[in-house]
file coords-v8.cif (mmCIF, C-alpha atoms)
data_entry
#
loop_
_atom_site.group_PDB
_atom_site.id
_atom_site.type_symbol
_atom_site.label_atom_id
_atom_site.label_comp_id
_atom_site.auth_asym_id
_atom_site.auth_seq_id
_atom_site.Cartn_x
_atom_site.Cartn_y
_atom_site.Cartn_z
ATOM 1 C CA MET A 1 273.758 52.774 103.384
ATOM 2 C CA ALA A 2 276.911 54.449 102.075
ATOM 3 C CA ASP A 3 277.413 58.091 103.095
ATOM 4 C CA ARG A 4 279.796 58.716 100.211
ATOM 5 C CA VAL A 5 280.264 56.702 97.028
ATOM 6 C CA ARG A 6 283.503 57.163 95.098
ATOM 7 C CA VAL A 7 283.187 56.654 91.349
ATOM 8 C CA LEU A 8 285.771 56.408 88.578
ATOM 9 C CA SER A 9 284.667 56.599 84.944
ATOM 10 C CA ILE A 10 286.942 55.885 81.960
ATOM 11 C CA ASP A 11 286.023 56.791 78.390
ATOM 12 C CA GLY A 12 286.352 54.676 75.285
ATOM 13 C CA GLY A 13 288.945 55.572 72.680
ATOM 14 C CA GLY A 14 290.882 52.536 71.470
ATOM 15 C CA ILE A 15 294.647 52.923 71.626
ATOM 16 C CA ARG A 16 294.147 56.324 73.274
ATOM 17 C CA GLY A 17 293.358 54.449 76.484
ATOM 18 C CA ILE A 18 297.030 54.886 77.286
ATOM 19 C CA ILE A 19 296.167 58.459 78.370
ATOM 20 C CA PRO A 20 293.842 57.555 81.299
ATOM 21 C CA ALA A 21 296.156 54.662 82.178
ATOM 22 C CA ILE A 22 298.961 57.189 82.706
ATOM 23 C CA VAL A 23 296.701 59.377 84.860
ATOM 24 C CA LEU A 24 295.712 56.381 86.981
ATOM 25 C CA ALA A 25 299.346 55.377 87.406
ATOM 26 C CA GLU A 26 299.962 58.860 88.833
ATOM 27 C CA LEU A 27 296.919 58.527 91.085
ATOM 28 C CA GLU A 28 298.158 55.207 92.472
ATOM 29 C CA ALA A 29 301.622 56.643 93.040
ATOM 30 C CA ARG A 30 300.229 59.606 94.977
ATOM 31 C CA ALA A 31 297.755 57.599 97.057
ATOM 32 C CA GLN A 32 300.080 54.610 97.572
ATOM 33 C CA LYS A 33 296.987 52.487 97.049
ATOM 34 C CA PRO A 34 295.640 50.557 94.052
ATOM 35 C CA VAL A 35 292.772 52.054 92.080
ATOM 36 C CA ALA A 36 290.441 49.260 93.233
ATOM 37 C CA ALA A 37 290.949 50.401 96.836
ATOM 38 C CA LEU A 38 290.291 54.048 96.011
ATOM 39 C CA PHE A 39 286.901 53.688 94.304
ATOM 40 C CA ASP A 40 283.625 51.967 95.124
ATOM 41 C CA LEU A 41 282.626 51.733 91.459
ATOM 42 C CA ILE A 42 284.692 51.807 88.269
ATOM 43 C CA ALA A 43 282.777 52.303 85.024
ATOM 44 C CA GLY A 44 284.330 51.878 81.606
ATOM 45 C CA THR A 45 283.464 51.771 77.934
ATOM 46 C CA SER A 46 285.557 50.046 75.274
ATOM 47 C CA THR A 47 289.235 50.636 76.132
ATOM 48 C CA GLY A 48 288.039 52.155 79.419
ATOM 49 C CA GLY A 49 286.130 48.957 80.146
ATOM 50 C CA ILE A 50 289.282 46.919 79.626
ATOM 51 C CA ILE A 51 291.137 49.164 82.081
ATOM 52 C CA ALA A 52 288.307 48.929 84.627
ATOM 53 C CA LEU A 53 288.232 45.144 84.500
ATOM 54 C CA ALA A 54 292.007 44.738 84.590
ATOM 55 C CA LEU A 55 292.358 47.012 87.634
ATOM 56 C CA ALA A 56 289.606 45.119 89.461
ATOM 57 C CA ARG A 57 290.926 41.658 88.599
ATOM 58 C CA PRO A 58 292.202 39.866 91.711
ATOM 59 C CA GLY A 59 295.745 38.561 91.772
ATOM 60 C CA GLU A 60 297.101 35.500 93.506
ATOM 61 C CA ASP A 61 297.866 37.449 96.688
ATOM 62 C CA GLY A 62 294.327 38.812 96.978
ATOM 63 C CA GLY A 63 295.314 42.257 95.751
ATOM 64 C CA PRO A 64 294.907 43.554 92.198
ATOM 65 C CA ALA A 65 296.522 41.496 89.462
ATOM 66 C CA TRP A 66 297.688 44.636 87.662
ATOM 67 C CA SER A 67 298.762 48.143 88.541
ATOM 68 C CA ALA A 68 297.811 51.092 86.376
ATOM 69 C CA ALA A 69 301.472 51.486 85.407
ATOM 70 C CA THR A 70 301.437 47.933 84.067
ATOM 71 C CA LEU A 71 298.406 48.775 81.916
ATOM 72 C CA VAL A 72 300.356 51.582 80.277
ATOM 73 C CA GLU A 73 302.640 48.814 79.035
ATOM 74 C CA LEU A 74 299.581 46.923 77.754
ATOM 75 C CA TYR A 75 298.982 49.645 75.185
ATOM 76 C CA GLU A 76 302.603 49.942 74.187
ATOM 77 C CA GLN A 77 303.242 46.213 73.947
ATOM 78 C CA GLU A 78 299.870 44.806 72.868
ATOM 79 C CA GLY A 79 298.545 47.726 70.816
ATOM 80 C CA PRO A 80 300.485 46.968 67.618
ATOM 81 C CA ALA A 81 299.282 43.334 67.673
ATOM 82 C CA ILE A 82 295.665 44.276 68.440
ATOM 83 C CA PHE A 83 295.525 46.726 65.534
ATOM 84 C CA SER A 84 297.317 44.535 63.023
ATOM 85 C CA ARG A 85 295.901 43.431 59.665
ATOM 86 C CA PRO A 86 297.505 40.493 57.849
ATOM 87 C CA LEU A 87 297.595 40.911 54.089
ATOM 88 C CA GLY A 88 295.103 38.098 53.618
ATOM 89 C CA HIS A 89 292.581 39.850 55.864
ATOM 90 C CA GLN A 90 293.038 43.113 53.980
ATOM 91 C CA ILE A 91 292.383 41.392 50.665
ATOM 92 C CA ARG A 92 289.381 39.420 51.919
ATOM 93 C CA THR A 93 287.719 42.482 53.451
ATOM 94 C CA ILE A 94 288.823 44.958 50.752
ATOM 95 C CA ARG A 95 290.737 46.806 53.483
ATOM 96 C CA GLY A 96 287.770 46.783 55.834
ATOM 97 C CA LEU A 97 285.094 47.958 53.406
ATOM 98 C CA ILE A 98 283.019 44.754 53.384
ATOM 99 C CA ASP A 99 283.911 43.265 56.769
ATOM 100 C CA GLU A 100 285.511 44.300 60.065
ATOM 101 C CA LYS A 101 288.790 46.193 59.711
ATOM 102 C CA TYR A 102 290.747 43.940 62.085
ATOM 103 C CA PRO A 103 290.699 40.245 62.982
ATOM 104 C CA SER A 104 290.140 39.738 66.701
ATOM 105 C CA ASP A 105 293.124 37.410 67.269
ATOM 106 C CA GLY A 106 295.406 40.072 68.762
ATOM 107 C CA LEU A 107 292.650 41.496 70.957
ATOM 108 C CA ASP A 108 291.562 38.060 72.180
ATOM 109 C CA ALA A 109 295.144 37.100 73.049
ATOM 110 C CA ALA A 110 295.714 40.320 75.013
ATOM 111 C CA LEU A 111 292.464 39.906 76.956
ATOM 112 C CA GLU A 112 293.361 36.329 77.820
ATOM 113 C CA ARG A 113 296.758 37.445 79.129
ATOM 114 C CA TYR A 114 295.438 40.309 81.224
ATOM 115 C CA LEU A 115 292.066 38.948 82.381
ATOM 116 C CA GLY A 116 292.522 35.188 82.248
ATOM 117 C CA GLU A 117 289.641 33.134 83.665
ATOM 118 C CA SER A 118 288.516 35.750 86.205
ATOM 119 C CA ARG A 119 284.808 36.460 86.452
ATOM 120 C CA LEU A 120 282.831 39.595 87.233
ATOM 121 C CA SER A 121 281.812 38.290 90.660
ATOM 122 C CA GLU A 122 285.489 38.226 91.674
ATOM 123 C CA ALA A 123 286.088 41.935 91.015
ATOM 124 C CA LEU A 124 287.861 43.651 93.908
ATOM 125 C CA THR A 125 285.535 46.638 93.605
ATOM 126 C CA ASP A 126 282.299 47.104 91.711
ATOM 127 C CA VAL A 127 282.637 47.506 87.963
ATOM 128 C CA LEU A 128 280.149 48.573 85.312
ATOM 129 C CA VAL A 129 281.046 47.976 81.671
ATOM 130 C CA THR A 130 278.883 49.055 78.737
ATOM 131 C CA ALA A 131 277.938 47.258 75.528
ATOM 132 C CA TYR A 132 275.056 47.341 73.046
ATOM 133 C CA GLU A 133 272.914 44.311 72.170
ATOM 134 C CA THR A 134 272.288 44.234 68.414
ATOM 135 C CA GLU A 135 269.457 41.677 68.306
ATOM 136 C CA ARG A 136 267.409 43.023 71.212
ATOM 137 C CA ARG A 137 268.411 46.592 70.243
ATOM 138 C CA ARG A 138 269.137 47.915 73.708
ATOM 139 C CA PRO A 139 272.050 48.905 75.952
ATOM 140 C CA PHE A 140 273.664 46.082 77.875
ATOM 141 C CA PHE A 141 275.592 46.456 81.124
ATOM 142 C CA PHE A 142 278.078 44.048 82.648
ATOM 143 C CA LYS A 143 277.834 44.581 86.429
ATOM 144 C CA SER A 144 279.875 42.881 89.113
ATOM 145 C CA ALA A 145 277.165 43.641 91.694
ATOM 146 C CA ALA A 146 274.604 41.713 89.640
ATOM 147 C CA ALA A 147 277.126 38.920 88.993
ATOM 148 C CA ARG A 148 277.451 38.271 92.717
ATOM 149 C CA THR A 149 273.710 37.694 93.175
ATOM 150 C CA GLU A 150 272.659 36.288 89.780
ATOM 151 C CA PRO A 151 274.772 33.386 88.471
ATOM 152 C CA GLY A 152 273.484 33.972 84.952
ATOM 153 C CA ARG A 153 275.047 37.447 85.001
ATOM 154 C CA ASP A 154 278.455 36.255 86.169
ATOM 155 C CA PHE A 155 280.274 36.598 82.864
ATOM 156 C CA ALA A 156 283.975 36.090 82.345
ATOM 157 C CA MET A 157 285.845 39.386 82.521
ATOM 158 C CA ALA A 158 287.488 38.613 79.177
ATOM 159 C CA ALA A 159 284.052 38.172 77.563
ATOM 160 C CA ALA A 160 282.876 41.512 78.952
ATOM 161 C CA ALA A 161 286.042 43.199 77.720
ATOM 162 C CA ARG A 162 285.732 41.650 74.271
ATOM 163 C CA ALA A 163 282.132 42.880 74.004
ATOM 164 C CA THR A 164 282.789 46.441 75.095
ATOM 165 C CA ALA A 165 285.773 46.691 72.731
ATOM 166 C CA ALA A 166 283.858 45.508 69.638
ATOM 167 C CA ALA A 167 283.743 48.896 67.920
ATOM 168 C CA PRO A 168 281.549 48.667 64.794
ATOM 169 C CA THR A 169 283.582 48.453 61.566
ATOM 170 C CA TYR A 170 286.757 47.770 63.573
ATOM 171 C CA PHE A 171 286.058 44.392 65.214
ATOM 172 C CA GLU A 172 283.499 41.640 64.816
ATOM 173 C CA PRO A 173 280.661 41.757 67.384
ATOM 174 C CA ALA A 174 281.098 39.548 70.436
ATOM 175 C CA LEU A 175 278.848 36.529 70.878
ATOM 176 C CA VAL A 176 278.459 36.006 74.633
ATOM 177 C CA GLN A 177 276.629 33.025 76.123
ATOM 178 C CA ALA A 178 274.008 33.734 78.769
ATOM 179 C CA GLY A 179 275.204 31.565 81.623
ATOM 180 C CA ASP A 180 274.555 27.845 81.128
ATOM 181 C CA SER A 181 271.560 28.389 78.859
ATOM 182 C CA ALA A 182 271.486 28.205 75.081
ATOM 183 C CA ASP A 183 270.636 31.893 74.943
ATOM 184 C CA TYR A 184 273.256 34.398 73.851
ATOM 185 C CA PHE A 185 273.905 38.101 73.436
ATOM 186 C CA SER A 186 275.218 39.785 70.283
ATOM 187 C CA LEU A 187 277.237 42.725 71.598
ATOM 188 C CA VAL A 188 279.138 45.686 70.217
ATOM 189 C CA ASP A 189 281.055 48.588 71.769
ATOM 190 C CA GLY A 190 279.016 50.517 74.334
ATOM 191 C CA GLY A 191 280.481 53.686 72.878
ATOM 192 C CA VAL A 192 277.575 53.812 70.441
ATOM 193 C CA PHE A 193 275.529 55.209 73.331
ATOM 194 C CA ALA A 194 277.972 55.865 76.198
ATOM 195 C CA THR A 195 281.540 56.484 75.116
ATOM 196 C CA ASN A 196 281.699 58.440 78.369
ATOM 197 C CA PRO A 197 280.010 56.091 80.878
ATOM 198 C CA ALA A 198 280.047 58.547 83.781
ATOM 199 C CA MET A 199 276.298 59.256 83.641
ATOM 200 C CA CYS A 200 275.556 55.514 83.551
ATOM 201 C CA ALA A 201 277.717 55.129 86.658
ATOM 202 C CA PHE A 202 275.985 58.052 88.376
ATOM 203 C CA ALA A 203 272.551 56.541 87.655
ATOM 204 C CA GLU A 204 273.712 53.177 89.005
ATOM 205 C CA VAL A 205 274.828 54.764 92.275
ATOM 206 C CA ARG A 206 271.609 56.755 92.617
ATOM 207 C CA ARG A 207 269.607 53.565 92.115
ATOM 208 C CA HIS A 208 271.288 51.729 94.983
ATOM 209 C CA HIS A 209 272.297 54.664 97.219
ATOM 210 C CA PRO A 210 269.751 57.434 96.594
ATOM 211 C CA ASP A 211 270.862 59.541 99.555
ATOM 212 C CA ALA A 212 274.612 59.078 99.299
ATOM 213 C CA GLU A 213 277.029 61.840 98.393
ATOM 214 C CA VAL A 214 278.657 60.997 95.061
ATOM 215 C CA VAL A 215 282.196 62.040 94.159
ATOM 216 C CA LEU A 216 283.140 61.252 90.581
ATOM 217 C CA LEU A 217 286.425 61.337 88.668
ATOM 218 C CA SER A 218 285.956 61.091 84.900
ATOM 219 C CA LEU A 219 288.909 60.385 82.604
ATOM 220 C CA GLY A 220 288.870 61.130 78.885
ATOM 221 C CA THR A 221 291.018 59.598 76.181
ATOM 222 C CA GLY A 222 291.757 62.861 74.379
ATOM 223 C CA GLN A 223 289.630 65.675 72.999
ATOM 224 C CA LEU A 224 289.244 65.508 69.222
ATOM 225 C CA THR A 225 290.651 68.560 67.436
ATOM 226 C CA ARG A 226 290.795 67.428 63.803
ATOM 227 C CA PRO A 227 288.215 69.503 61.878
ATOM 228 C CA LEU A 228 285.719 68.084 59.406
ATOM 229 C CA PRO A 229 285.528 71.004 56.946
ATOM 230 C CA TYR A 230 282.183 71.825 55.393
ATOM 231 C CA ALA A 231 283.721 71.715 51.919
ATOM 232 C CA ASP A 232 284.556 68.050 52.528
ATOM 233 C CA VAL A 233 281.547 66.749 54.445
ATOM 234 C CA LYS A 234 278.845 68.442 52.353
ATOM 235 C CA ASP A 235 279.255 65.827 49.618
ATOM 236 C CA TRP A 236 279.947 62.809 51.799
ATOM 237 C CA GLY A 237 277.685 59.793 51.481
ATOM 238 C CA LEU A 238 277.408 56.505 53.325
ATOM 239 C CA VAL A 239 280.902 55.285 52.482
ATOM 240 C CA GLU A 240 282.663 58.526 53.464
ATOM 241 C CA TRP A 241 280.700 58.953 56.706
ATOM 242 C CA ALA A 242 280.951 55.299 57.847
ATOM 243 C CA ARG A 243 283.944 55.734 60.168
ATOM 244 C CA PRO A 244 283.987 59.513 60.797
ATOM 245 C CA ILE A 245 280.428 59.379 62.121
ATOM 246 C CA LEU A 246 281.611 57.089 64.926
ATOM 247 C CA ASP A 247 284.081 59.753 66.033
ATOM 248 C CA VAL A 248 281.389 62.437 65.848
ATOM 249 C CA VAL A 249 278.953 60.393 67.936
ATOM 250 C CA PHE A 250 281.581 59.304 70.464
ATOM 251 C CA ASP A 251 282.920 62.839 70.913
ATOM 252 C CA GLY A 252 279.498 64.496 71.131
ATOM 253 C CA VAL A 253 278.152 62.023 73.676
ATOM 254 C CA SER A 254 281.260 62.361 75.818
ATOM 255 C CA ASP A 255 281.080 66.156 75.959
ATOM 256 C CA THR A 256 277.344 66.091 76.684
ATOM 257 C CA VAL A 257 277.805 63.799 79.695
ATOM 258 C CA ASP A 258 280.552 66.102 80.978
ATOM 259 C CA TYR A 259 278.164 69.068 80.819
ATOM 260 C CA GLN A 260 275.370 67.164 82.556
ATOM 261 C CA LEU A 261 277.495 65.976 85.468
ATOM 262 C CA ASP A 262 279.144 69.334 85.925
ATOM 263 C CA GLN A 263 275.670 70.811 86.398
ATOM 264 C CA LEU A 264 274.514 68.026 88.720
ATOM 265 C CA LEU A 265 277.568 67.614 90.951
ATOM 266 C CA GLY A 266 279.592 70.798 90.649
ATOM 267 C CA GLN A 267 283.337 71.295 90.879
ATOM 268 C CA SER A 268 283.646 70.132 94.472
ATOM 269 C CA ARG A 269 282.395 66.613 93.706
ATOM 270 C CA TYR A 270 283.110 66.135 90.005
ATOM 271 C CA TRP A 271 286.373 66.261 88.077
ATOM 272 C CA ARG A 272 286.795 65.699 84.356
ATOM 273 C CA LEU A 273 290.364 65.244 83.146
ATOM 274 C CA GLN A 274 290.792 65.615 79.403
ATOM 275 C CA VAL A 275 293.568 66.724 77.042
ATOM 276 C CA ALA A 276 293.452 68.106 73.503
ATOM 277 C CA LEU A 277 294.836 65.767 70.865
ATOM 278 C CA ASP A 278 297.107 68.280 69.171
ATOM 279 C CA GLY A 279 300.845 68.386 68.646
ATOM 280 C CA GLY A 280 300.792 65.476 66.247
ATOM 281 C CA ALA A 281 298.953 62.973 68.468
ATOM 282 C CA SER A 282 296.419 61.129 66.316
ATOM 283 C CA ASP A 283 292.764 60.916 67.335
ATOM 284 C CA ASP A 284 292.370 57.621 65.469
ATOM 285 C CA LEU A 285 291.206 54.721 67.608
ATOM 286 C CA ASP A 286 293.654 52.370 65.951
ATOM 287 C CA ASN A 287 296.905 54.233 65.296
ATOM 288 C CA ALA A 288 299.242 52.002 67.289
ATOM 289 C CA GLY A 289 302.416 53.026 65.518
ATOM 290 C CA ALA A 290 305.478 53.616 67.689
ATOM 291 C CA GLU A 291 305.569 57.357 67.011
ATOM 292 C CA ASN A 292 301.896 57.885 67.819
ATOM 293 C CA LEU A 293 302.189 55.821 71.001
ATOM 294 C CA ARG A 294 305.076 58.066 72.022
ATOM 295 C CA ARG A 295 302.979 61.172 71.345
ATOM 296 C CA LEU A 296 299.987 59.769 73.222
ATOM 297 C CA ARG A 297 302.220 58.996 76.205
ATOM 298 C CA LEU A 298 303.408 62.611 76.144
ATOM 299 C CA LYS A 299 299.764 63.715 76.083
ATOM 300 C CA GLY A 300 299.058 61.605 79.149
ATOM 301 C CA GLU A 301 302.032 63.115 80.940
ATOM 302 C CA GLU A 302 300.903 66.594 79.883
ATOM 303 C CA LEU A 303 297.443 65.902 81.300
ATOM 304 C CA VAL A 304 298.955 64.853 84.627
ATOM 305 C CA ALA A 305 301.123 67.971 84.758
ATOM 306 C CA ASP A 306 298.229 70.299 83.912
ATOM 307 C CA SER A 307 295.762 68.628 86.290
ATOM 308 C CA ARG A 308 297.694 68.611 89.559
ATOM 309 C CA ARG A 309 295.138 70.794 91.313
ATOM 310 C CA GLU A 310 292.230 68.595 90.140
ATOM 311 C CA LEU A 311 294.078 65.421 91.125
ATOM 312 C CA ASP A 312 294.800 66.828 94.569
ATOM 313 C CA ALA A 313 291.152 67.784 95.049
ATOM 314 C CA ALA A 314 289.885 64.423 93.805
ATOM 315 C CA LEU A 315 292.272 62.527 96.079
ATOM 316 C CA ALA A 316 291.264 64.615 99.073
ATOM 317 C CA ALA A 317 287.635 63.697 98.440
ATOM 318 C CA ILE A 318 288.364 60.043 97.695
ATOM 319 C CA VAL A 319 290.913 58.983 100.295
#
call {"tool": "encode", "arguments": {"input": "coords-v8.cif", "output": "structure tokens"}}
result
Amino acid sequence: MADRVRVLSIDGGGIRGIIPAIVLAELEARAQKPVAALFDLIAGTSTGGIIALALARPGEDGGPAWSAATLVELYEQEGPAIFSRPLGHQIRTIRGLIDEKYPSDGLDAALERYLGESRLSEALTDVLVTAYETERRRPFFFKSAAARTEPGRDFAMAAAARATAAAPTYFEPALVQAGDSADYFSLVDGGVFATNPAMCAFAEVRRHHPDAEVVLLSLGTGQLTRPLPYADVKDWGLVEWARPILDVVFDGVSDTVDYQLDQLLGQSRYWRLQVALDGGASDDLDNAGAENLRRLRLKGEELVADSRRELDAALAAIV
């Protein structure tokens, strides 16, 4: 039984995933070890799930296929293609009003490049990735630990990433086959219930290691600061609330989990690194313009600079 279990949790947030990627690049540089060697479990939702899977994917030499610094480039290089809408798609969907806002071609291509044919059972450290099953109406978890003992749970990493990234209204739900059977799962972004998956990760550890000491580093993708003034929202209906309500739910859930874990673990075993999205950095999930990517990178660097004490403490507990 493990005496200490080291957990990393990465929030959802679309293109804003560049912020935790920058923090993890700093962590790897300080520790001189890959993230997969620093943590016993990496949990992620949406963009955080993609990061978790990519960092745990094995490379040809047996080590990780990707460094955190390389994943920063994923956002800068792949982001514009992922959040791209051809004119024909805009016309067909009435700019996302009657169908998903984006075709999945760019996302699928990026996931194929970064995750390839790797499967959950091959993960270099345990991963937990969230999704929501729309037909069975329940949370769904991709788990590498389950994949190693149950062949039917050994999904392709790319399939898990596609499911956790299927934010409602942004991308079409993912249809994932259940092993070799004819059964399937209809999955959307786990952010609808766990945009901050840290509590899911904590529960998973407690289930398997009830007596272990848990140390947990939780990385946000930027604290929302854009107000929703009463004068505006008081007359909003279904159409006006459709996308803003996702931000409200995602942000509220994330902050609630932070409060819960702070109470349960305390400041000596739990660290939450988050930065306010001010100074012109957009809180949109899909603003992959060059200027916003530059501002988000600056926010990630600001978070690193302002969190040196927390990073030192987390590393001391982890290494």
call {"tool": "closest_residue", "arguments": {"input": "coords-v8.cif", "among": "A:Leu128, A:Ala123, A:Ala174, A:Trp271", "to": "Glu204 of chain A", "atoms": "all atoms listed in the file"}}
result
A:Leu128
call {"tool": "resolve_selection", "arguments": {"input": "coords-v8.cif", "expression": "the PyMOL selection byres ((chain A and resi 127) around 6)", "output": "ChimeraX atom specification"}}
result
/A:41-43,126,128,143-144
call {"tool": "resolve_selection", "arguments": {"input": "coords-v8.cif", "expression": "the PyMOL selection byres ((chain A and resi 211-213) around 12)", "output": "PDB file with C-alpha atoms, in the coordinates of the input"}}
result
ATOM      1  CA  MET A   1     273.758  52.774 103.384  1.00  0.00           C
ATOM      2  CA  ALA A   2     276.911  54.449 102.075  1.00  0.00           C
ATOM      3  CA  ASP A   3     277.413  58.091 103.095  1.00  0.00           C
ATOM      4  CA  ARG A   4     279.796  58.716 100.211  1.00  0.00           C
ATOM      5  CA  VAL A   5     280.264  56.702  97.028  1.00  0.00           C
ATOM      6  CA  ARG A   6     283.503  57.163  95.098  1.00  0.00           C
ATOM      7  CA  VAL A   7     283.187  56.654  91.349  1.00  0.00           C
ATOM      8  CA  PHE A 202     275.985  58.052  88.376  1.00  0.00           C
ATOM      9  CA  GLU A 204     273.712  53.177  89.005  1.00  0.00           C
ATOM     10  CA  VAL A 205     274.828  54.764  92.275  1.00  0.00           C
ATOM     11  CA  ARG A 206     271.609  56.755  92.617  1.00  0.00           C
ATOM     12  CA  ARG A 207     269.607  53.565  92.115  1.00  0.00           C
ATOM     13  CA  HIS A 208     271.288  51.729  94.983  1.00  0.00           C
ATOM     14  CA  HIS A 209     272.297  54.664  97.219  1.00  0.00           C
ATOM     15  CA  PRO A 210     269.751  57.434  96.594  1.00  0.00           C
ATOM     16  CA  VAL A 214     278.657  60.997  95.061  1.00  0.00           C
ATOM     17  CA  VAL A 215     282.196  62.040  94.159  1.00  0.00           C
ATOM     18  CA  LEU A 216     283.140  61.252  90.581  1.00  0.00           C
ATOM     19  CA  LEU A 264     274.514  68.026  88.720  1.00  0.00           C
ATOM     20  CA  LEU A 265     277.568  67.614  90.951  1.00  0.00           C
ATOM     21  CA  SER A 268     283.646  70.132  94.472  1.00  0.00           C
ATOM     22  CA  ARG A 269     282.395  66.613  93.706  1.00  0.00           C
ATOM     23  CA  TYR A 270     283.110  66.135  90.005  1.00  0.00           C
ATOM     24  CA  ALA A 317     287.635  63.697  98.440  1.00  0.00           C
ATOM     25  CA  ILE A 318     288.364  60.043  97.695  1.00  0.00           C
TER      26      ILE A 318
END
call {"tool": "residues_around", "arguments": {"input": "coords-v8.cif", "residues": "Arg138 of chain A", "least_positions_apart": "4", "cutoff": "10 Å", "atoms": "only C-alpha atoms", "output": "list in words"}}
result
Ala131, Tyr132, Glu133, Thr134, Leu187 and Phe193 of chain A
call {"tool": "write_last_selection", "arguments": {"input": "coords-v8.cif", "atoms": "C-alpha atoms", "output": "mmCIF file, in the frame of the given file"}}
result
data_model
loop_
_atom_site.group_PDB
_atom_site.id
_atom_site.type_symbol
_atom_site.label_atom_id
_atom_site.label_comp_id
_atom_site.auth_asym_id
_atom_site.auth_seq_id
_atom_site.Cartn_x
_atom_site.Cartn_y
_atom_site.Cartn_z
ATOM 1 C CA ALA A 131 277.938 47.258 75.528
ATOM 2 C CA TYR A 132 275.056 47.341 73.046
ATOM 3 C CA GLU A 133 272.914 44.311 72.170
ATOM 4 C CA THR A 134 272.288 44.234 68.414
ATOM 5 C CA LEU A 187 277.237 42.725 71.598
ATOM 6 C CA PHE A 193 275.529 55.209 73.331
#
call {"tool": "closest_residue", "arguments": {"input": "coords-v8.cif", "among": "A:Thr164, A:Gln177, A:Ser9, A:Asn292", "to": "Leu273 of chain A", "atoms": "all atoms listed in the file"}}
result
A:Ser9
call {"tool": "closest_residue", "arguments": {"input": "coords-v8.cif", "among": "A:Pro80, A:Pro58, A:Pro34, A:Pro64", "to": "Arg119 of chain A", "atoms": "only C-alpha atoms"}}
result
A:Pro58
call {"tool": "residues_around", "arguments": {"input": "coords-v8.cif", "residues": "Leu120 of chain A", "least_positions_apart": "6", "cutoff": "12 Å", "atoms": "all atoms listed in the file", "output": "PDB file with C-alpha atoms, in the frame of the given file"}}
result
ATOM      1  CA  ALA A  52     288.307  48.929  84.627  1.00  0.00           C
ATOM      2  CA  LEU A  53     288.232  45.144  84.500  1.00  0.00           C
ATOM      3  CA  ALA A  54     292.007  44.738  84.590  1.00  0.00           C
ATOM      4  CA  ALA A  56     289.606  45.119  89.461  1.00  0.00           C
ATOM      5  CA  ARG A  57     290.926  41.658  88.599  1.00  0.00           C
ATOM      6  CA  PRO A  58     292.202  39.866  91.711  1.00  0.00           C
ATOM      7  CA  ASP A 126     282.299  47.104  91.711  1.00  0.00           C
ATOM      8  CA  VAL A 127     282.637  47.506  87.963  1.00  0.00           C
ATOM      9  CA  LEU A 128     280.149  48.573  85.312  1.00  0.00           C
ATOM     10  CA  VAL A 129     281.046  47.976  81.671  1.00  0.00           C
ATOM     11  CA  PHE A 141     275.592  46.456  81.124  1.00  0.00           C
ATOM     12  CA  PHE A 142     278.078  44.048  82.648  1.00  0.00           C
ATOM     13  CA  LYS A 143     277.834  44.581  86.429  1.00  0.00           C
ATOM     14  CA  SER A 144     279.875  42.881  89.113  1.00  0.00           C
ATOM     15  CA  ALA A 145     277.165  43.641  91.694  1.00  0.00           C
ATOM     16  CA  ALA A 146     274.604  41.713  89.640  1.00  0.00           C
ATOM     17  CA  ALA A 147     277.126  38.920  88.993  1.00  0.00           C
ATOM     18  CA  ARG A 148     277.451  38.271  92.717  1.00  0.00           C
ATOM     19  CA  THR A 149     273.710  37.694  93.175  1.00  0.00           C
ATOM     20  CA  GLU A 150     272.659  36.288  89.780  1.00  0.00           C
ATOM     21  CA  PRO A 151     274.772  33.386  88.471  1.00  0.00           C
ATOM     22  CA  GLY A 152     273.484  33.972  84.952  1.00  0.00           C
ATOM     23  CA  ARG A 153     275.047  37.447  85.001  1.00  0.00           C
ATOM     24  CA  ASP A 154     278.455  36.255  86.169  1.00  0.00           C
ATOM     25  CA  PHE A 155     280.274  36.598  82.864  1.00  0.00           C
ATOM     26  CA  ALA A 156     283.975  36.090  82.345  1.00  0.00           C
ATOM     27  CA  MET A 157     285.845  39.386  82.521  1.00  0.00           C
ATOM     28  CA  ALA A 158     287.488  38.613  79.177  1.00  0.00           C
ATOM     29  CA  ALA A 159     284.052  38.172  77.563  1.00  0.00           C
ATOM     30  CA  ALA A 160     282.876  41.512  78.952  1.00  0.00           C
ATOM     31  CA  ALA A 161     286.042  43.199  77.720  1.00  0.00           C
TER      32      ALA A 161
END
call {"tool": "axis_aligned_box", "arguments": {"input": "coords-v8.cif", "around": "segment 40-45 of chain A", "padding_each_side": "5 Å", "output": "AutoDock Vina command-line options"}}
result
--center_x 283.7 --center_y 52.0 --center_z 86.5 --size_x 12.1 --size_y 10.6 --size_z 27.2
call {"tool": "atom_distance", "arguments": {"input": "coords-v8.cif", "atom1": "atom CA of Asp232 of chain A", "atom2": "atom CA of Leu246 of chain A"}}
result
16.8 Å
call {"tool": "closest_residue", "arguments": {"input": "coords-v8.cif", "among": "A:Val188, A:Ala31, A:Ile245, A:Ala25", "to": "Glu73 of chain A", "atoms": "only C-alpha atoms"}}
result
A:Ala25
call {"tool": "closest_residue", "arguments": {"input": "coords-v8.cif", "among": "A:Arg226, A:Glu135, A:Tyr170, A:Phe140", "to": "Ser186 of chain A", "atoms": "all atoms listed in the file"}}
result
A:Glu135
call {"tool": "residues_around", "arguments": {"input": "coords-v8.cif", "residues": "Asp312 of chain A", "least_positions_apart": "2", "cutoff": "12 Å", "atoms": "all atoms listed in the file", "output": "list in words"}}
result
Glu26, Leu27, Arg30, Ala31, Leu217, Ser268, Trp271, Val304, Ala305, Asp306, Ser307, Arg308, Arg309, Glu310, Ala314, Leu315, Ala316, Ala317, Ile318 and Val319 of chain A
